[in-house]
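Listing of protein_17.csv, CSV, C-alpha atoms
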```csv
chain,number,residue,atom,x,y,z
Z,1,MET,CA,97.4,96.8,84.1
Z,2,LYS,CA,98.1,100.4,85.0
Z,3,ARG,CA,94.9,101.5,83.3
Z,4,SER,CA,92.9,98.8,85.0
Z,5,LEU,CA,94.3,99.7,88.4
Z,6,THR,CA,93.5,103.4,87.8
Z,7,GLU,CA,90.0,102.6,86.7
Z,8,ILE,CA,89.4,100.3,89.7
Z,9,SER,CA,90.8,102.9,92.1
Z,10,LEU,CA,88.7,105.8,90.6
Z,11,SER,CA,85.5,103.6,90.6
Z,12,PHE,CA,86.0,102.6,94.2
Z,13,THR,CA,86.8,106.2,95.2
Z,14,ALA,CA,83.7,107.5,93.5
Z,15,GLY,CA,81.6,104.9,95.3
Z,16,VAL,CA,83.2,106.0,98.7
Z,17,ALA,CA,82.4,109.6,97.8
Z,18,ILE,CA,78.8,108.8,97.1
Z,19,GLY,CA,78.6,106.9,100.4
Z,20,ALA,CA,79.9,110.0,102.2
Z,21,LEU,CA,77.4,112.2,100.5
Z,22,ALA,CA,74.5,109.8,101.3
Z,23,SER,CA,75.4,109.4,104.9
Z,24,SER,CA,76.0,113.2,105.5
Z,25,GLY,CA,72.4,114.0,104.4
Z,26,ALA,CA,70.7,111.1,106.0
Z,27,GLU,CA,68.2,111.6,108.8
Z,28,ASP,CA,67.1,108.0,109.3
Z,29,TRP,CA,70.1,105.7,109.9
Z,30,ARG,CA,67.9,102.6,109.5
Z,31,VAL,CA,67.6,103.3,105.8
Z,32,LEU,CA,71.4,103.4,105.5
Z,33,TYR,CA,71.6,100.1,107.4
Z,34,ILE,CA,69.3,98.5,104.9
Z,35,LEU,CA,71.1,100.0,102.0
Z,36,SER,CA,74.4,98.8,103.3
Z,37,GLY,CA,73.1,95.3,103.8
Z,38,LEU,CA,71.6,95.2,100.4
Z,39,GLY,CA,74.8,96.5,98.9
Z,40,CYS,CA,76.9,93.8,100.6
Z,41,ALA,CA,74.5,91.2,99.2
Z,42,VAL,CA,74.6,92.6,95.7
Z,43,VAL,CA,78.4,92.8,95.7
Z,44,ALA,CA,78.7,89.3,97.0
Z,45,ALA,CA,76.3,87.9,94.4
Z,46,CYS,CA,77.9,89.7,91.5
Z,47,LEU,CA,81.4,88.7,92.5
Z,48,ALA,CA,80.3,85.1,92.9
Z,49,ALA,CA,78.7,85.2,89.4
Z,50,TYR,CA,81.9,86.7,87.9
Z,51,LEU,CA,84.1,84.1,89.6
Z,52,SER,CA,81.9,81.3,88.4
Z,53,GLY,CA,82.1,82.4,84.8
Z,54,ARG,CA,78.5,83.4,84.4
Z,55,ILE,CA,79.5,87.0,83.8
Z,56,ARG,CA,82.5,87.3,81.5
Z,57,SER,CA,82.7,91.0,80.7
Z,58,GLU,CA,85.4,92.9,82.8
Z,59,VAL,CA,83.5,96.1,82.1
Z,60,PHE,CA,81.0,94.8,84.6
Z,61,LEU,CA,83.6,95.0,87.3
Z,62,LEU,CA,83.8,98.8,87.4
Z,63,PRO,CA,80.2,99.3,88.6
Z,64,LEU,CA,80.9,96.5,91.1
Z,65,TYR,CA,83.9,98.4,92.5
Z,66,PHE,CA,81.8,101.6,92.6
Z,67,LEU,CA,79.2,99.7,94.7
Z,68,ALA,CA,81.8,98.2,96.8
Z,69,GLY,CA,83.2,101.6,97.7
Z,70,THR,CA,79.8,102.9,98.7
Z,71,VAL,CA,79.2,99.8,100.9
Z,72,CYS,CA,82.7,100.0,102.4
Z,73,PHE,CA,82.0,103.6,103.5
Z,74,LEU,CA,78.6,102.9,104.9
Z,75,THR,CA,79.8,99.8,106.8
Z,76,ARG,CA,82.7,101.7,108.2
Z,77,GLU,CA,80.4,104.6,109.2
Z,78,PHE,CA,78.3,102.2,111.3
Z,79,THR,CA,81.2,100.4,113.0
Z,80,PRO,CA,83.7,102.9,114.3
Z,81,SER,CA,86.8,101.1,115.6
Z,82,PRO,CA,88.6,102.2,118.8
Z,83,PRO,CA,92.3,103.2,118.5
Z,84,SER,CA,94.7,100.2,118.5
Z,85,ALA,CA,96.5,99.6,121.7
Z,86,ILE,CA,99.7,99.0,119.7
Z,87,ALA,CA,99.2,102.4,117.9
Z,88,VAL,CA,98.7,104.1,121.3
Z,89,ALA,CA,101.9,102.6,122.6
Z,90,ILE,CA,103.9,103.6,119.6
Z,91,GLN,CA,102.6,107.1,119.8
Z,92,GLU,CA,104.1,107.3,123.3
Z,93,TYR,CA,107.5,107.1,121.5
Z,94,GLY,CA,106.5,110.3,119.7
Z,95,LYS,CA,106.0,112.1,123.0
Z,96,SER,CA,109.4,110.8,124.2
Z,97,PHE,CA,110.9,112.0,120.9
Z,98,CYS,CA,109.5,115.5,121.5
Z,99,ARG,CA,110.9,115.5,125.1
Z,100,PHE,CA,114.3,114.5,123.8
Z,101,ILE,CA,114.3,117.5,121.3
Z,102,ASP,CA,113.4,119.8,124.2
Z,103,ALA,CA,116.4,118.5,126.1
Z,104,ILE,CA,118.9,119.5,123.4
Z,105,PRO,CA,120.6,122.8,124.5
Z,106,PHE,CA,119.5,125.0,121.5
Z,107,GLY,CA,120.3,128.6,121.9
Z,108,ASP,CA,117.1,129.9,120.4
Z,109,GLU,CA,113.9,129.2,122.2
Z,110,GLY,CA,112.0,128.9,119.0
Z,111,THR,CA,114.2,126.1,117.6
Z,112,ALA,CA,112.8,123.1,119.6
Z,113,PRO,CA,109.1,124.0,118.9
Z,114,LEU,CA,109.9,124.3,115.2
Z,115,LEU,CA,111.7,121.0,115.1
Z,116,LYS,CA,108.9,119.2,116.9
Z,117,ALA,CA,106.5,120.6,114.3
Z,118,LEU,CA,108.7,119.5,111.4
Z,119,LEU,CA,109.8,116.1,112.7
Z,120,ALA,CA,107.0,115.0,115.0
Z,121,GLY,CA,103.9,116.9,113.9
Z,122,ASP,CA,103.6,118.6,117.4
Z,123,ARG,CA,102.7,122.2,116.7
Z,124,SER,CA,101.5,123.0,120.2
Z,125,GLY,CA,104.7,124.9,121.1
Z,126,LEU,CA,104.9,127.0,118.0
Z,127,PRO,CA,104.6,130.7,118.7
Z,128,ARG,CA,101.5,132.4,117.3
Z,129,SER,CA,103.7,134.8,115.4
Z,130,THR,CA,105.4,131.9,113.6
Z,131,THR,CA,102.0,130.3,112.7
Z,132,ALA,CA,100.7,133.6,111.5
Z,133,ILE,CA,103.8,134.2,109.3
Z,134,SER,CA,103.6,130.7,107.8
Z,135,ARG,CA,99.9,131.3,106.9
Z,136,ALA,CA,100.5,134.7,105.4
Z,137,SER,CA,103.5,133.5,103.3
Z,138,GLY,CA,101.6,130.4,102.1
Z,139,ALA,CA,103.9,128.0,103.9
Z,140,SER,CA,101.5,126.4,106.3
Z,141,HIS,CA,102.2,123.1,104.6
Z,142,LEU,CA,105.8,123.4,105.5
Z,143,LEU,CA,105.2,123.8,109.3
Z,144,ALA,CA,102.6,121.0,109.4
Z,145,LEU,CA,103.9,117.5,109.3
Z,146,SER,CA,102.9,116.1,105.9
Z,147,GLY,CA,103.9,113.8,103.1
Z,148,LEU,CA,106.6,116.4,102.1
Z,149,HIS,CA,108.4,115.9,105.4
Z,150,ILE,CA,108.3,112.1,105.4
Z,151,GLY,CA,109.4,112.2,101.8
Z,152,ILE,CA,112.5,114.3,102.7
Z,153,ILE,CA,113.3,111.9,105.5
Z,154,TYR,CA,112.9,109.0,103.1
Z,155,ILE,CA,115.2,110.5,100.6
Z,156,ILE,CA,117.9,111.2,103.3
Z,157,PHE,CA,117.8,107.6,104.6
Z,158,LYS,CA,117.6,106.2,101.1
Z,159,ARG,CA,120.8,108.0,100.0
Z,160,LEU,CA,122.6,107.2,103.2
Z,161,SER,CA,121.8,103.5,102.9
Z,162,MET,CA,123.1,103.3,99.4
Z,163,VAL,CA,126.6,103.0,100.9
Z,164,ALA,CA,125.7,99.4,101.7
Z,165,GLY,CA,125.7,98.5,98.0
Z,166,ASN,CA,123.1,97.4,95.5
Z,167,ALA,CA,123.2,93.6,95.7
Z,168,PRO,CA,119.8,91.8,95.5
Z,169,ALA,CA,120.0,90.7,99.2
Z,170,VAL,CA,121.0,94.2,100.3
Z,171,ARG,CA,118.2,95.8,98.3
Z,172,ILE,CA,115.6,93.5,99.9
Z,173,ILE,CA,116.9,94.2,103.4
Z,174,ARG,CA,117.1,97.9,102.7
Z,175,SER,CA,113.6,98.1,101.4
Z,176,ALA,CA,112.2,96.1,104.3
Z,177,ALA,CA,114.0,98.3,106.8
Z,178,ILE,CA,112.8,101.5,105.1
Z,179,ILE,CA,109.2,100.3,105.0
Z,180,ALA,CA,109.3,99.1,108.6
Z,181,ALA,CA,110.8,102.4,109.8
Z,182,SER,CA,108.3,104.4,107.7
Z,183,LEU,CA,105.4,102.5,109.2
Z,184,PHE,CA,106.7,103.1,112.7
Z,185,TYR,CA,107.2,106.8,112.0
Z,186,THR,CA,103.7,107.1,110.5
Z,187,VAL,CA,102.0,105.5,113.5
Z,188,MET,CA,104.3,107.4,115.9
Z,189,THR,CA,103.3,110.8,114.5
Z,190,GLY,CA,99.5,110.1,114.5
Z,191,ALA,CA,99.0,108.6,111.0
Z,192,SER,CA,97.4,111.7,109.5
Z,193,PRO,CA,95.9,111.1,106.0
Z,194,SER,CA,98.8,112.9,104.2
Z,195,ILE,CA,101.4,110.9,106.2
Z,196,THR,CA,99.6,107.7,105.6
Z,197,ARG,CA,99.5,108.5,101.9
Z,198,ALA,CA,103.2,109.1,101.9
Z,199,PHE,CA,103.9,105.8,103.7
Z,200,LEU,CA,101.8,103.9,101.1
Z,201,PHE,CA,103.8,105.7,98.3
Z,202,ILE,CA,107.1,104.6,99.9
Z,203,THR,CA,105.9,101.1,100.4
Z,204,LEU,CA,104.6,100.7,96.8
Z,205,ASN,CA,107.7,102.4,95.4
Z,206,GLU,CA,110.0,100.1,97.3
Z,207,ALA,CA,107.9,97.0,96.3
Z,208,ALA,CA,107.9,98.0,92.7
Z,209,SER,CA,111.7,98.6,92.6
Z,210,LEU,CA,112.6,95.2,94.0
Z,211,PRO,CA,111.8,93.1,90.8
Z,212,GLY,CA,113.5,95.8,88.7
Z,213,ARG,CA,110.3,96.7,86.9
Z,214,LYS,CA,109.7,100.1,85.6
Z,215,LYS,CA,107.8,102.1,88.2
Z,216,SER,CA,104.6,103.9,87.2
Z,217,PRO,CA,103.8,107.1,89.2
Z,218,ALA,CA,100.2,106.9,88.1
Z,219,GLY,CA,99.9,103.3,89.2
Z,220,ILE,CA,101.5,104.0,92.6
Z,221,LEU,CA,99.0,106.9,93.0
Z,222,ALA,CA,96.0,104.7,92.1
Z,223,GLY,CA,97.2,101.8,94.3
Z,224,ALA,CA,97.8,104.1,97.3
Z,225,LEU,CA,94.4,105.7,96.9
Z,226,LEU,CA,92.6,102.4,96.7
Z,227,ILE,CA,94.4,100.9,99.7
Z,228,GLN,CA,94.0,103.9,101.9
Z,229,LEU,CA,90.3,104.2,101.3
Z,230,ALA,CA,89.7,100.4,101.6
Z,231,PHE,CA,91.3,100.5,105.1
Z,232,ASP,CA,89.7,103.7,106.2
Z,233,PRO,CA,87.0,105.1,103.8
Z,234,LEU,CA,86.1,107.8,106.3
Z,235,GLN,CA,89.4,109.6,105.4
Z,236,ILE,CA,87.7,110.9,102.2
Z,237,ARG,CA,86.1,113.6,104.4
Z,238,SER,CA,89.5,114.9,105.5
Z,239,VAL,CA,90.6,118.1,103.8
Z,240,GLY,CA,94.2,117.0,104.3
Z,241,PHE,CA,93.5,113.7,102.5
Z,242,GLN,CA,91.8,115.6,99.6
Z,243,LEU,CA,94.6,118.2,99.3
Z,244,SER,CA,97.3,115.6,99.5
Z,245,TYR,CA,96.0,113.4,96.7
Z,246,CYS,CA,95.2,116.5,94.5
Z,247,ALA,CA,98.8,117.7,95.0
Z,248,ILE,CA,100.2,114.3,94.0
Z,249,ALA,CA,97.8,114.1,91.0
Z,250,GLY,CA,99.2,117.5,89.8
Z,251,ILE,CA,102.7,116.2,90.1
Z,252,VAL,CA,101.9,113.0,88.2
Z,253,VAL,CA,99.8,114.6,85.5
Z,254,LEU,CA,101.2,118.1,84.9
Z,255,TYR,CA,104.8,118.1,86.3
Z,256,PRO,CA,106.5,115.8,83.8
Z,257,LYS,CA,105.0,117.6,80.8
Z,258,VAL,CA,105.9,121.1,81.8
Z,259,SER,CA,109.3,120.0,83.2
Z,260,ALA,CA,110.2,118.6,79.8
Z,261,TRP,CA,109.8,122.1,78.3
Z,262,TYR,CA,113.3,122.9,79.7
Z,263,PRO,CA,116.0,120.9,78.0
Z,264,SER,CA,117.7,118.6,80.5
Z,265,SER,CA,121.3,119.0,81.3
Z,266,ARG,CA,123.5,117.2,83.8
Z,267,PHE,CA,125.2,120.3,85.3
Z,268,ASP,CA,122.6,123.1,85.0
Z,269,PRO,CA,121.4,124.7,88.2
Z,270,LEU,CA,118.7,126.6,86.3
Z,271,LYS,CA,117.1,123.2,85.5
Z,272,LYS,CA,116.9,122.5,89.2
Z,273,ILE,CA,115.2,125.9,89.8
Z,274,TRP,CA,112.9,125.2,86.9
Z,275,ASP,CA,111.8,121.8,88.2
Z,276,THR,CA,111.2,123.2,91.7
Z,277,ALA,CA,109.0,126.0,90.2
Z,278,VAL,CA,107.1,123.6,88.0
Z,279,LEU,CA,106.6,121.2,90.9
Z,280,SER,CA,105.0,124.1,93.0
Z,281,ILE,CA,102.9,125.2,90.1
Z,282,ALA,CA,101.7,121.7,89.4
Z,283,CYS,CA,100.6,121.2,93.0
Z,284,GLN,CA,98.9,124.6,93.2
Z,285,ALA,CA,97.0,124.1,89.9
Z,286,PHE,CA,95.3,121.0,91.3
Z,287,THR,CA,94.9,122.1,95.0
Z,288,ALA,CA,93.9,125.8,94.5
Z,289,PRO,CA,90.2,125.2,93.6
Z,290,LEU,CA,89.8,122.9,96.7
Z,291,ALA,CA,91.7,125.3,99.0
Z,292,TRP,CA,89.5,128.2,97.8
Z,293,HIS,CA,86.4,126.1,98.4
Z,294,TYR,CA,87.4,125.3,102.0
Z,295,PHE,CA,89.4,128.4,103.1
Z,296,HIS,CA,88.5,131.1,100.5
Z,297,THR,CA,92.1,132.0,100.2
Z,298,PHE,CA,94.9,131.6,97.7
Z,299,PRO,CA,98.7,131.8,98.6
Z,300,ARG,CA,99.9,134.6,96.2
Z,301,HIS,CA,103.5,134.1,97.0
Z,302,PHE,CA,103.5,130.3,96.8
Z,303,LEU,CA,106.1,130.2,94.1
Z,304,ILE,CA,108.8,132.3,95.8
Z,305,THR,CA,107.9,130.6,99.2
Z,306,ASN,CA,108.5,127.1,97.8
Z,307,LEU,CA,111.6,128.1,95.9
Z,308,LEU,CA,113.3,129.5,99.0
Z,309,ALA,CA,111.6,127.6,101.9
Z,310,ILE,CA,111.6,124.0,100.6
Z,311,PRO,CA,115.4,123.9,100.1
Z,312,LEU,CA,115.9,125.5,103.5
Z,313,THR,CA,113.5,123.1,105.1
Z,314,THR,CA,115.3,120.1,103.5
Z,315,VAL,CA,118.7,121.3,104.8
Z,316,LEU,CA,117.3,122.1,108.2
Z,317,MET,CA,115.7,118.6,108.6
Z,318,GLY,CA,118.8,116.9,107.5
Z,319,THR,CA,121.0,118.9,109.9
Z,320,ALA,CA,118.4,118.4,112.7
Z,321,ILE,CA,118.3,114.6,112.2
Z,322,LEU,CA,122.1,114.5,112.4
Z,323,THR,CA,122.1,116.6,115.5
Z,324,ILE,CA,119.5,114.4,117.2
Z,325,VAL,CA,121.3,111.2,116.3
Z,326,LEU,CA,124.6,112.6,117.7
Z,327,SER,CA,122.9,113.8,120.8
Z,328,ALA,CA,121.3,110.4,121.3
Z,329,ALA,CA,124.8,108.9,121.0
Z,330,GLY,CA,126.1,111.4,123.6
Z,331,ILE,CA,128.7,112.9,121.2
Z,332,CYS,CA,126.8,115.9,119.9
Z,333,PRO,CA,129.3,118.9,119.6
Z,334,ALA,CA,128.1,122.5,119.7
Z,335,LEU,CA,128.6,123.2,116.0
Z,336,PRO,CA,125.5,121.2,114.7
Z,337,VAL,CA,123.4,122.7,117.5
Z,338,ARG,CA,124.3,126.2,116.4
Z,339,ALA,CA,123.8,125.2,112.8
Z,340,VAL,CA,120.2,124.1,113.5
Z,341,ASP,CA,119.6,127.3,115.5
Z,342,PHE,CA,120.8,129.4,112.5
Z,343,LEU,CA,118.8,127.4,109.9
Z,344,CYS,CA,115.6,127.7,112.0
Z,345,ARG,CA,116.1,131.5,112.4
Z,346,THR,CA,116.8,131.8,108.7
Z,347,LEU,CA,113.6,129.8,107.7
Z,348,VAL,CA,111.4,131.9,110.0
Z,349,GLU,CA,112.9,135.2,108.8
Z,350,THR,CA,112.6,134.2,105.2
Z,351,LEU,CA,108.9,133.4,105.7
Z,352,ARG,CA,108.5,136.7,107.6
Z,353,ILE,CA,109.9,138.7,104.7
Z,354,ILE,CA,107.7,136.9,102.2
Z,355,SER,CA,104.7,137.5,104.3
Z,356,LEU,CA,105.3,141.3,104.2
Z,357,MET,CA,105.4,141.4,100.4
```

Target encoding structure tokens, full file:
Amino acid sequence: MKRSLTEISLSFTAGVAIGALASSGAEDWRVLYILSGLGCAVVAACLAAYLSGRIRSEVFLLPLYFLAGTVCFLTREFTPSPPSAIAVAIQEYGKSFCRFIDAIPFGDEGTAPLLKALLAGDRSGLPRSTTAISRASGASHLLALSGLHIGIIYIIFKRLSMVAGNAPAVRIIRSAAIIAASLFYTVMTGASPSITRAFLFITLNEAASLPGRKKSPAGILAGALLIQLAFDPLQIRSVGFQLSYCAIAGIVVLYPKVSAWYPSSRFDPLKKIWDTAVLSIACQAFTAPLAWHYFHTFPRHFLITNLLAIPLTTVLMGTAILTIVLSAAGICPALPVRAVDFLCRTLVETLRIISLM
């Protein structure tokens, strides 16, 4: 089943890519309208023949999914949909969330803009110096809301919710709450391609864990890719979408093999450092060619940046979430506020030192 899902996902994705290439170079839209209509007719006829038993070979399905991907993209290209009123209303909560962060009495003027970038995806208030430092140090992905950030938030809330126990009913309620909160957060922050990918990963991971079955990272990757492109095939043109899935492909394909080179040990801090380094290398190995194609640059210090900045960012986000929750409850003491200030300054200074290397 895992192999079939992967094959279906890759076939559909290849078809979407062909549709994107065809539409980008087309001068006469009438031709694409005709092709889209013919494609829909062929897909419907082939699917009907397969379901009726006239075509029994499952190998036939892969070209069908390829054609379906192409038709899906061309159809979506011709029928752009306006933003949902519900999504617009939810995004207003994101603006309110940013205003709430601004209202917290941080001592450093750079703290609130950094938190808004990390937690809400609002980079409008970031100083140019901070943006330049993050770019020079290879940490732009840390200061732009991405799947990494929603993954950190997911892990924090997942671990906190474990105190409720692990009974079947508790697991179902916990998974449903996590999926609902992740969906709300995804829409609230603008539903960028990388955030949407992370939400789909969370949803599929939680769904797979409920029956107690063994989870397949490759199957989750293939399922998320298929679902995301089926709902919005135009996202295949997004650089963020491409980089996000390439990074996850590196983690799924390369990371487990290289991580296994270091013998596992329960209480070995060097193993944690090794895994973090391997994770960074796996991501870079799969994203570097694409990044060079689009930006003609390569982050030379990506390894040291990720080894230092990712743990700092994780601690900062956890402390910031605690501070925001306490502030919302009206009981926020000065200590967590000062801690967030300190962590923000430390993160920026760390990136500045790396950028000067």

Where does range 115-167 of chain Z meet range 274-288 of chain Z within 12 Å, residue by residue, with the nearest atom pair and distance in Å to one decimal for each, counting only C-alpha atoms, listed by chain and rising number, as JSON lines?
```
{"residue": "Z:Gly138", "atom": "CA", "partner": "Z:Gln284", "partner_atom": "CA", "distance": 11.0}
{"residue": "Z:Ala139", "atom": "CA", "partner": "Z:Ser280", "partner_atom": "CA", "distance": 11.6}
{"residue": "Z:His141", "atom": "CA", "partner": "Z:Cys283", "partner_atom": "CA", "distance": 11.9}
{"residue": "Z:Leu148", "atom": "CA", "partner": "Z:Cys283", "partner_atom": "CA", "distance": 11.9}
```

>> Counting only C-alpha atoms, which residue out of Z:Pro63, Z:Pro113, Z:Pro299, Z:Pro82 sits closest to Asp341 in chain Z?
In response: Z:Pro113

> Which one is closest to Ser182 in chain Z: Z:Ala249, Z:Met317, Z:Ile202, Z:Ala328? Count all atoms listed in the file.
Replying inline: Z:Ile202

> Can you find the residues with an atom no farther than 9 Å from (88.3, 104.8, 90.7), counting all atoms listed in the file, and report them as a PyMOL selection string?
Replying inline: chain Z and resi 5-15+62+65-66+222+225-226

> What lies within 12 Å of Leu243 in chain Z using all atoms listed in the file, ignoring chain neighbours under 2 positions off, as a PyMOL selection string?
Replying inline: chain Z and resi 141+146-147+193-194+197+235-241+245-250+283-294

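In terms of minimum interatomic distance to Gly69 in chain Z, Z:Gln228 ranks closest within Z:Thr350, Z:Ser84, Z:Asn306, Z:Gln228, counting only C-alpha atoms.
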
>> Using only C-alpha atoms, which protein or nucleic acid residues come within 12 Å of Arg76 in chain Z? Drop anything in the same chain fewer than 4 positions from it, and give the result as a PyMOL selection string.
In response: chain Z and resi 16+19-20+23+32-33+36+68-72+80-81+229-235

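One distance worth recording is that between CA of Ala164 in chain Z and CA of Ala207 in chain Z, which is 18.8 Å.
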
>> What's around Arg171 in chain Z at 12 Å? Count only C-alpha atoms, leave out sequence neighbours fewer than 3 positions away in its own chain, and write the answer as a PyMOL selection string.
In response: chain Z and resi 158+161-168+174-178+206-212

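Distance check against Pro336 in chain Z using all atoms listed in the file: of Z:Leu74, Z:Pro83, Z:Ile104, Z:Ile156, the minimum falls on Z:Ile104.
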
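Atom pair CA of Ser216 in chain Z / CA of Leu204 in chain Z: separated by 10.1 Å.
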
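Coordinates place CA of Tyr154 in chain Z at a distance of 11.4 Å from CA of Thr314 in chain Z.
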
Generate N, CA and C atoms for range 134-147 of chain Z and emit them as an mmCIF file, keeping the file's coordinate frame.
```
data_model
loop_
_atom_site.group_PDB
_atom_site.id
_atom_site.type_symbol
_atom_site.label_atom_id
_atom_site.label_comp_id
_atom_site.auth_asym_id
_atom_site.auth_seq_id
_atom_site.Cartn_x
_atom_site.Cartn_y
_atom_site.Cartn_z
ATOM 1 N N SER Z 134 103.678 131.844 108.736
ATOM 2 C CA SER Z 134 103.600 130.700 107.800
ATOM 3 C C SER Z 134 102.306 130.767 107.002
ATOM 4 N N ARG Z 135 101.219 131.175 107.647
ATOM 5 C CA ARG Z 135 99.900 131.300 106.900
ATOM 6 C C ARG Z 135 99.953 132.395 105.932
ATOM 7 N N ALA Z 136 100.503 133.538 106.322
ATOM 8 C CA ALA Z 136 100.500 134.700 105.400
ATOM 9 C C ALA Z 136 101.449 134.483 104.232
ATOM 10 N N SER Z 137 102.504 133.708 104.412
ATOM 11 C CA SER Z 137 103.500 133.500 103.300
ATOM 12 C C SER Z 137 103.098 132.282 102.458
ATOM 13 N N GLY Z 138 102.033 131.581 102.825
ATOM 14 C CA GLY Z 138 101.600 130.400 102.100
ATOM 15 C C GLY Z 138 102.488 129.184 102.366
ATOM 16 N N ALA Z 139 103.052 129.138 103.571
ATOM 17 C CA ALA Z 139 103.900 128.000 103.900
ATOM 18 C C ALA Z 139 103.380 127.179 105.059
ATOM 19 N N SER Z 140 102.073 127.192 105.238
ATOM 20 C CA SER Z 140 101.500 126.400 106.300
ATOM 21 C C SER Z 140 101.778 124.906 106.121
ATOM 22 N N HIS Z 141 101.889 124.477 104.852
ATOM 23 C CA HIS Z 141 102.200 123.100 104.600
ATOM 24 C C HIS Z 141 103.580 122.674 104.986
ATOM 25 N N LEU Z 142 104.463 123.661 105.146
ATOM 26 C CA LEU Z 142 105.800 123.400 105.500
ATOM 27 C C LEU Z 142 105.964 123.153 107.045
ATOM 28 N N LEU Z 143 105.145 123.857 107.815
ATOM 29 C CA LEU Z 143 105.200 123.800 109.300
ATOM 30 C C LEU Z 143 104.248 122.760 109.853
ATOM 31 N N ALA Z 144 103.478 122.106 108.999
ATOM 32 C CA ALA Z 144 102.600 121.000 109.400
ATOM 33 C C ALA Z 144 103.118 119.727 108.852
ATOM 34 N N LEU Z 145 103.351 118.739 109.713
ATOM 35 C CA LEU Z 145 103.900 117.500 109.300
ATOM 36 C C LEU Z 145 103.036 116.882 108.152
ATOM 37 N N SER Z 146 103.631 116.588 107.019
ATOM 38 C CA SER Z 146 102.900 116.100 105.900
ATOM 39 C C SER Z 146 103.716 115.130 105.086
ATOM 40 N N GLY Z 147 103.179 114.745 103.925
ATOM 41 C CA GLY Z 147 103.900 113.800 103.100
ATOM 42 C C GLY Z 147 105.238 114.409 102.601
#
```
